[in-house]
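J.: One structure coming up, written as C-alpha cells, with questions to follow.
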Protein chains: 2
Amino acid sequence: MALKTLIIGGVAAGPKAACRLQRLLPEAEITIVDQDNLISYGGCGIPYYVSGDVSDEKELRNTSFHMTRDESFFLQAKGVKVLTRTRALTIDRSKKSVEMENLDTGRHQALAYDKLVLCTGAAAKVLPIPGAELDGVFTISDLHKAIAIKERLARGEVGRAVVIGGGAIGVEMAEAFADLWGVETTVLEFMPHLLPSILDPAVAAMLAKHLLDKGVTVYTGEGASAIEANSAGKACRVVTAKRTLEADVVVMAAGVHPRSELARDAGLLVSPRGGIIVDDRLRTSDPDIYAAGDCIETTHLVSGQKCHAPLGSLANRQGRIVADNLAGLPSRFPGWGGSFIMKAFEVCVGATGLSLAAARGAGFDADQVITAQSDRAHFFPDQSVIPLLMVFDRQSRKILGLQGFGPMGDGILARIDAAAALIAGGATIDDCGSLDLAYAPPFATALDALNATANVADNKAQGRLNTVTIANYLEWMDDFAKHPDWLALDIRHPAETAAFKAKFGENWLDIPYPEIRSRFQEIPRDKELIIICDAGTRSYEVQCFLKSRGYRTLVLGGGFNCIRRIGATWWPTS
Amino acid sequence: MALKTLIIGGVAAGPKAACRLQRLLPEAEITIVDQDNLISYGGCGIPYYVSGDVSDEKELRNTSFHMTRDESFFLQAKGVKVLTRTRALTIDRSKKSVEMENLDTGRHQALAYDKLVLCTGAAAKVLPIPGAELDGVFTISDLHKAIAIKERLARGEVGRAVVIGGGAIGVEMAEAFADLWGVETTVLEFMPHLLPSILDPAVAAMLAKHLLDKGVTVYTGEGASAIEANSAGKACRVVTAKRTLEADVVVMAAGVHPRSELARDAGLLVSPRGGIIVDDRLRTSDPDIYAAGDCIETTHLVSGQKCHAPLGSLANRQGRIVADNLAGLPSRFPGWGGSFIMKAFEVCVGATGLSLAAARGAGFDADQVITAQSDRAHFFPDQSVIPLLMVFDRQSRKILGLQGFGPMGDGILARIDAAAALIAGGATIDDCGSLDLAYAPPFATALDALNATANVADNKAQGRLNTVTIANYLEWMDDFAKHPDWLALDIRHPAETAAFKAKFGENWLDIPYPEIRSRFQEIPRDKELIIICDAGTRSYEVQCFLKSRGYRTLVLGGGFNCIRRIGATWWPTS
C-alpha cells in the first residue's frame, strides 16, 4: 500500500523531502500544501533580487534547467501533488488528518496522512514599537514583500532607507539598497556590533568599516524606538534614543521565530524558544509526524546547546533526512555547525563554529588569535591579506570556531569550509596546523593561512605568544594613561613608522625589524612593549627574541593590517 | 650551552626549520649551507615568473614585507647564519661534522653539529634519451634555469616549445609559454592522460581539452625518444614514435627524484625509491640527524603507502616539525593527504586523497561518482558548473578522494580543502553529505556541490544509482555495436535533443524530463536505457521512476556537461 505522506510547507525543506521520498519510494502518495501561491523558491536570494543582481523573481523559482517550480512542474516532473493557497488549520493526530482551508474559496477539507511532515518555516519578528505596522515598513519574510520593495525602488520612490537589524539579512538588504539603487541607507543594530551572534567584535568592526566606506551609515548599540508616519500615513521616520532618521522604506530585519503554532496546538512538544522539538532523525514527539527546516529546534554541533538555526542550507539537508527516515533509511541530522558566509559590497565575511563570546558563554575555556596572512602567494598579482580569527579551547586544544574577512571571492569560503570539516571531526589546533591543504601560488601560500593561524593558536595556547587584544590596544591608543607602563615598539619600515613616531612621541619607539637584534639595548627595561608590525608575525619573532633577553612584551595580533580595516580616528593622516 | 644546528639546504624546509628553531630556542646557533647563491625562494612560483605574472625573480625571494631573503637578511633579522655557494661533501657521523666545499674558492672546511638537518631537496629527472643535454633543453629545477628560459623568451628566440611531461609543472610551463608569450607549445605525456598520478581520466580529459582550446597541443600516451640539434648544436626538434616536433626550447618536466646521495653515503637509511627514511618526527636512522622536504620519503595519509611528495607546502610544514622536535616539542608529521591544485589558463583543477586508479591500486574496494553541480546559486549571475569526482570505499563508506574542475578562482579550492579536512579525519560519505558548509547564494548552493556529490555517492554505494562510466559511454558512442541492447534516453529539452535524435536515429530516444511519467510506455522494454541529461540529477530521478516500472537503466553521471568539457568528435554541429 502506498505511503500517504502529507507535507505542510512548500519552500525549502518540504519540496526537498517530497522529491527525495518520491525517488526512494516511487509509489508513495505525496502531497505538499502551502498557504502561498509561490513555492519552492530560493528565499536567500531575495536581497539579490532586490539589488538587481537577479533580474526576475521567477529566477528564484526556476530550476537550474530553466523550468519554473510550480504546481504543474511538481506533479508532472516529480510526481508530487501540490496544493497552494491552502492553509493547514489543525492536526487531528488520533484520526491522522489535517484540516485545510482553501484561501481562495474559503472551503475546508480534511486531508488524511500516514506520515505528516511539518515544514512551516519561520516568521519575521515584528518589533513591538509604534509604527511597526505602517505602510512602507517591510519584513523580508517572503517573495511578495521583496517584489513590493523592488517595485517601490523601480518607481523611484525610495531615496532613503533604514534597516532595523544588523544581522545577515539586514546587511544584505542594506547593500541591495545602496549598491545598485543608490539609496541613502542606514543600518541600526541594537547590540554593540553587527552580526552579534556570529562574529566577534574585531571582525564585525571590519565589516562595519567597509559598509561605511561604501556609503552605508551604521549605528550599533542603537535600536529603533518608533517609526513615524507622514501625513499620508506612510512610514517616513525612524526614531532611536539618539536621533531621528528620515526613511522612505523601513526594513525590519530583527530576526525570525519558528512557526510552530500548528504543532503546539496539536500537542507536539515545542521548545521554550518556539522551535518544534525533534530527535536526530527529525521525528517530533509523535512518531508519525516529522519536522524540518526553520520551524524546528536544533543542536549546535560545537556547544551541544539547543538553538534555532533558520538557514536554507540546513532546511535542504533536513528535508533529505526526513525522506530517508520515511523510507526506512536511518539517516540522522548531526546538528548545526555554525557555518556562515556573506557578501557585502566588495568584501566577504564568513564564520563557522562558535565565536569567542559564544564559546565562553557555552562554558569553554576558550581563547582566540587573529592573523593577517595572504590568501595566495605574496608574489602573485592579485593576492590579498585575509584576517582570520580562530577560537580554540585551551584545555582540549580543539578548534571551536573560525571567522574570516577578505575580498569578495571564494577565498574565505575555502578556509571556512575546511575549518567546518575540521570542527565537525573534533580536530585540534595540531590537526589544523598540519592539514594538507591544496597549494599552488595562485590559490594559497605554501603554508596556507588556515595552517598558519592554527600555528599561531598553538603558540598562544603554549604560552609562547603573548598578545594584547585589539580592544585593549585601541583603548590604550585612545588614552595612554590607561597603561602608563606600556610602550609601542613599532618594528615596521621607517617610512611607515615616521608619522606615528611624530604623532605619539614618547609612547612610540621605532626600531625596524631587521635591526632589533643589534639595537635591542636601546629599549627601556621598565616598560611592557606593545610590539607592532603589519600582520603580527614579525612581532612574534621579535617577542621570542626580546623575551630571551628579559623584556616584557605583548604582540598586537593581526598587526596594523587589522587596525586599518577596523579604522581608527587617531590614525595619522599623511 | 647553545644547540649547534647545521642545516643543509636553503630553499624551503631548511629556512623554515631554522627560523622556527630560532624562535623556540633564541640561543641556538644555527647555520644553513646551500650550494646555490640564491636561497629561500618560492620555487612553485617559477612558472609564473616565466609567464610574466611575476615580473622579477626577486619577488620570489622577497618577504611579504618587501625584504630580500638573502644571507644578510637571515643573519640580521632571523639570527641565522647562511653560507651560500657551499656544498656539503660528506657527513662524518662519528665526529658529528660535515665536510664542506666553498664553490667559489675551492676551500674545504669541516662544520661541527649537535644536530644536523638534511633539506637537500629533489633533482629534476633527466630522461635517458639522445639530446637530453643539448643547449636549449631545460629542467625546471632552480631559479637559474627559469631566468635563462625567460631571457630567451624576452629576446624573442622562442617561437615553438615542447614540454616533455604532462604533470603539474609541465602544464604550468605550457601555459607560461603560450599565454603571455604566444609560443606555439606542445605537451607530451608518456602516460595515457595528463597528471596521471593525480587525476582520473575524465577530469584529465577536461584539462586537456581546455589546453587545446587555448592553443596548446597535447599528445598523451606519447613520450620523447630523442632531441635533435641544429647545425649550431642547439636543440631544435623533439622526436616521438609518431612525429617530429620543431622546438626552440625543450622543457623536461618528467618528475623529480630525491637528492639523498649525501645521506646514503653517510650510511643513513634510504628507501628503494631514493627518499631518506624518517619517522613521524622526521628523524632519520641517526637520532642526531633529521630530514625534511623533497629529499624524504613520506606516507600517504589515505593509502598508508610510502611515497615521495615533493611539494613546497609539505616542505614548509615539515621544517616546522623538525624545529619543534629539535626544541623538545613532540610534533609529528601525519603524512601527505594528496592535496593538489593548479591553474591552467582560465580553469582550475584540484584533487585530494587518492584517485580511483590509485585507490584500487592500493587495495581499496573503491568506486567513484562524478557530478556537475553549480558552484553557487544557479540564479546568481556568475555561477558555473563545477564537475566533482568523488572516490569512496564501498566497504567502509569512507571518502578516499575528490577531484574538481572549474573556472579559475577559489571555488574548487573550497571543495578540495573541505574534502581534505574530511579525509584527514576519516570521514564517511554520510559525514560529507551532512557537513555544514557555509552557504549564501553568491558562494554556494543551499546544498553545496560537495554535499550533493556525497549524496550521489551514497545513492551509488547503496545500489540506488546505477551508472555507466564516461569511458564506456564514449566507447559506445564511437561504435553502437559494442552494446547493441543499449538505447540512449535523452531527457533534455527538445531544443537540445533534436540534433542528436537526427544524427543517432534509432539509438536515440528523446522524451523530455517532465513528460517521462506520462509517456514512459513509449520506451521499449528490451533495451537497457542510457539516461542522459545535462548533469545527471534529472537522469537519476528518471532512473528511480523507470526502475519502479521494471526498466533496466544506467545514468550517465555528470551528464552532457561533462561530455562537452571532455569533447567528442561525434558531437552534432549545429
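Labels for the C-alpha cells follow display order: chains A, B, ..., residues from 1 in each chain, ligands from 1.
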Would you kindly return, as number ranges by chain, each protein, DNA or RNA residue with an atom no farther than 10 Å from any atom of Gly411 (chain B), considering only C-alpha atoms and excluding same-chain residues fewer than 2 positions away?
T.: A: 409-411, 413-414; B: 348, 375-376, 384, 386, 404-409, 413-416, 443-444
J.: Run DSSP on the backbone and tell me which residues of region 286-474 of chain A come out as helix (DSSP H, G or I); list them as an MDAnalysis selection string.
T.: chainID A and resid 312:326 356:361 411:424 429:433 449:461 470:474
J.: Identify which of the residues B:Ala124, B:Ile516, B:Met390, B:Ile39 lies closest to Lys460 (chain B), counting only C-alpha atoms when measuring atom-to-atom distances.
T.: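 Closest to Lys460 (chain B), using only C-alpha atoms: B:Met390.
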J.: Just asking: which residues within region 122-188 of chain A are strand (DSSP E or B) according to DSSP, as number ranges by chain?
T.: A: 122-124, 135, 137-139, 160-164, 184-188
J.: Those same residues - N, CA, C and O atoms - I'd like them written as a PDB file, in the first residue's frame.
T.:
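Saved file part03.pdb follows:
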ATOM      1  N   ALA A 122       9.675  29.855   9.317  1.00  0.00           N
ATOM      2  CA  ALA A 122       9.827  30.858  10.360  1.00  0.00           C
ATOM      3  C   ALA A 122       9.160  32.144   9.911  1.00  0.00           C
ATOM      4  O   ALA A 122       8.988  32.390   8.714  1.00  0.00           O
ATOM      5  N   ALA A 123       8.769  32.955  10.880  1.00  0.00           N
ATOM      6  CA  ALA A 123       8.147  34.247  10.573  1.00  0.00           C
ATOM      7  C   ALA A 123       9.072  35.349  11.042  1.00  0.00           C
ATOM      8  O   ALA A 123       9.707  35.238  12.097  1.00  0.00           O
ATOM      9  N   ALA A 124       9.155  36.401  10.247  1.00  0.00           N
ATOM     10  CA  ALA A 124       9.990  37.536  10.633  1.00  0.00           C
ATOM     11  C   ALA A 124       9.424  38.165  11.905  1.00  0.00           C
ATOM     12  O   ALA A 124       8.210  38.296  12.060  1.00  0.00           O
ATOM     13  N   ASP A 135       2.429  51.386   6.469  1.00  0.00           N
ATOM     14  CA  ASP A 135       2.772  51.195   5.067  1.00  0.00           C
ATOM     15  C   ASP A 135       4.212  51.684   4.871  1.00  0.00           C
ATOM     16  O   ASP A 135       4.592  52.747   5.363  1.00  0.00           O
ATOM     17  N   VAL A 137       6.794  49.820   5.855  1.00  0.00           N
ATOM     18  CA  VAL A 137       7.634  49.012   6.753  1.00  0.00           C
ATOM     19  C   VAL A 137       7.541  47.564   6.283  1.00  0.00           C
ATOM     20  O   VAL A 137       6.446  47.011   6.173  1.00  0.00           O
ATOM     21  N   PHE A 138       8.680  46.961   5.984  1.00  0.00           N
ATOM     22  CA  PHE A 138       8.689  45.610   5.418  1.00  0.00           C
ATOM     23  C   PHE A 138       9.531  44.666   6.259  1.00  0.00           C
ATOM     24  O   PHE A 138      10.604  45.045   6.723  1.00  0.00           O
ATOM     25  N   THR A 139       9.060  43.470   6.409  1.00  0.00           N
ATOM     26  CA  THR A 139       9.954  42.392   6.824  1.00  0.00           C
ATOM     27  C   THR A 139      10.370  41.653   5.551  1.00  0.00           C
ATOM     28  O   THR A 139       9.733  41.808   4.511  1.00  0.00           O
ATOM     29  N   ARG A 160      15.687  57.174   0.671  1.00  0.00           N
ATOM     30  CA  ARG A 160      16.355  56.838   1.932  1.00  0.00           C
ATOM     31  C   ARG A 160      15.731  55.594   2.540  1.00  0.00           C
ATOM     32  O   ARG A 160      14.501  55.440   2.539  1.00  0.00           O
ATOM     33  N   ALA A 161      16.572  54.730   3.046  1.00  0.00           N
ATOM     34  CA  ALA A 161      16.081  53.503   3.674  1.00  0.00           C
ATOM     35  C   ALA A 161      16.726  53.332   5.038  1.00  0.00           C
ATOM     36  O   ALA A 161      17.894  53.685   5.224  1.00  0.00           O
ATOM     37  N   VAL A 162      15.966  52.813   5.967  1.00  0.00           N
ATOM     38  CA  VAL A 162      16.525  52.437   7.271  1.00  0.00           C
ATOM     39  C   VAL A 162      16.287  50.951   7.454  1.00  0.00           C
ATOM     40  O   VAL A 162      15.165  50.463   7.262  1.00  0.00           O
ATOM     41  N   VAL A 163      17.366  50.233   7.754  1.00  0.00           N
ATOM     42  CA  VAL A 163      17.270  48.798   8.009  1.00  0.00           C
ATOM     43  C   VAL A 163      17.435  48.597   9.511  1.00  0.00           C
ATOM     44  O   VAL A 163      18.466  48.965  10.079  1.00  0.00           O
ATOM     45  N   ILE A 164      16.424  48.045  10.124  1.00  0.00           N
ATOM     46  CA  ILE A 164      16.480  47.798  11.565  1.00  0.00           C
ATOM     47  C   ILE A 164      16.960  46.371  11.768  1.00  0.00           C
ATOM     48  O   ILE A 164      16.267  45.411  11.430  1.00  0.00           O
ATOM     49  N   GLU A 184      20.184  56.124   0.050  1.00  0.00           N
ATOM     50  CA  GLU A 184      20.902  56.548   1.262  1.00  0.00           C
ATOM     51  C   GLU A 184      20.428  55.632   2.393  1.00  0.00           C
ATOM     52  O   GLU A 184      19.268  55.701   2.807  1.00  0.00           O
ATOM     53  N   THR A 185      21.301  54.779   2.852  1.00  0.00           N
ATOM     54  CA  THR A 185      20.862  53.678   3.708  1.00  0.00           C
ATOM     55  C   THR A 185      21.533  53.709   5.079  1.00  0.00           C
ATOM     56  O   THR A 185      22.732  53.967   5.183  1.00  0.00           O
ATOM     57  N   THR A 186      20.754  53.439   6.093  1.00  0.00           N
ATOM     58  CA  THR A 186      21.266  53.365   7.466  1.00  0.00           C
ATOM     59  C   THR A 186      20.900  52.005   8.052  1.00  0.00           C
ATOM     60  O   THR A 186      19.779  51.534   7.873  1.00  0.00           O
ATOM     61  N   VAL A 187      21.855  51.388   8.729  1.00  0.00           N
ATOM     62  CA  VAL A 187      21.592  50.137   9.443  1.00  0.00           C
ATOM     63  C   VAL A 187      21.643  50.425  10.938  1.00  0.00           C
ATOM     64  O   VAL A 187      22.607  51.024  11.420  1.00  0.00           O
ATOM     65  N   LEU A 188      20.629  49.997  11.636  1.00  0.00           N
ATOM     66  CA  LEU A 188      20.594  50.109  13.095  1.00  0.00           C
ATOM     67  C   LEU A 188      20.760  48.726  13.703  1.00  0.00           C
ATOM     68  O   LEU A 188      20.025  47.800  13.358  1.00  0.00           O
TER      69      LEU A 188
END
J.: Could you give me, as a PyMOL selection string, the residues within 12 Å of region 321-324 of chain A, counting only C-alpha atoms and dropping anything in the same chain fewer than 2 positions from it?
T.: (chain A and resi 3+5-7+13-25+28+30+115-119+278-284+288-293+314-319+326-335) or (chain B and resi 430+433-434+455+458-459)
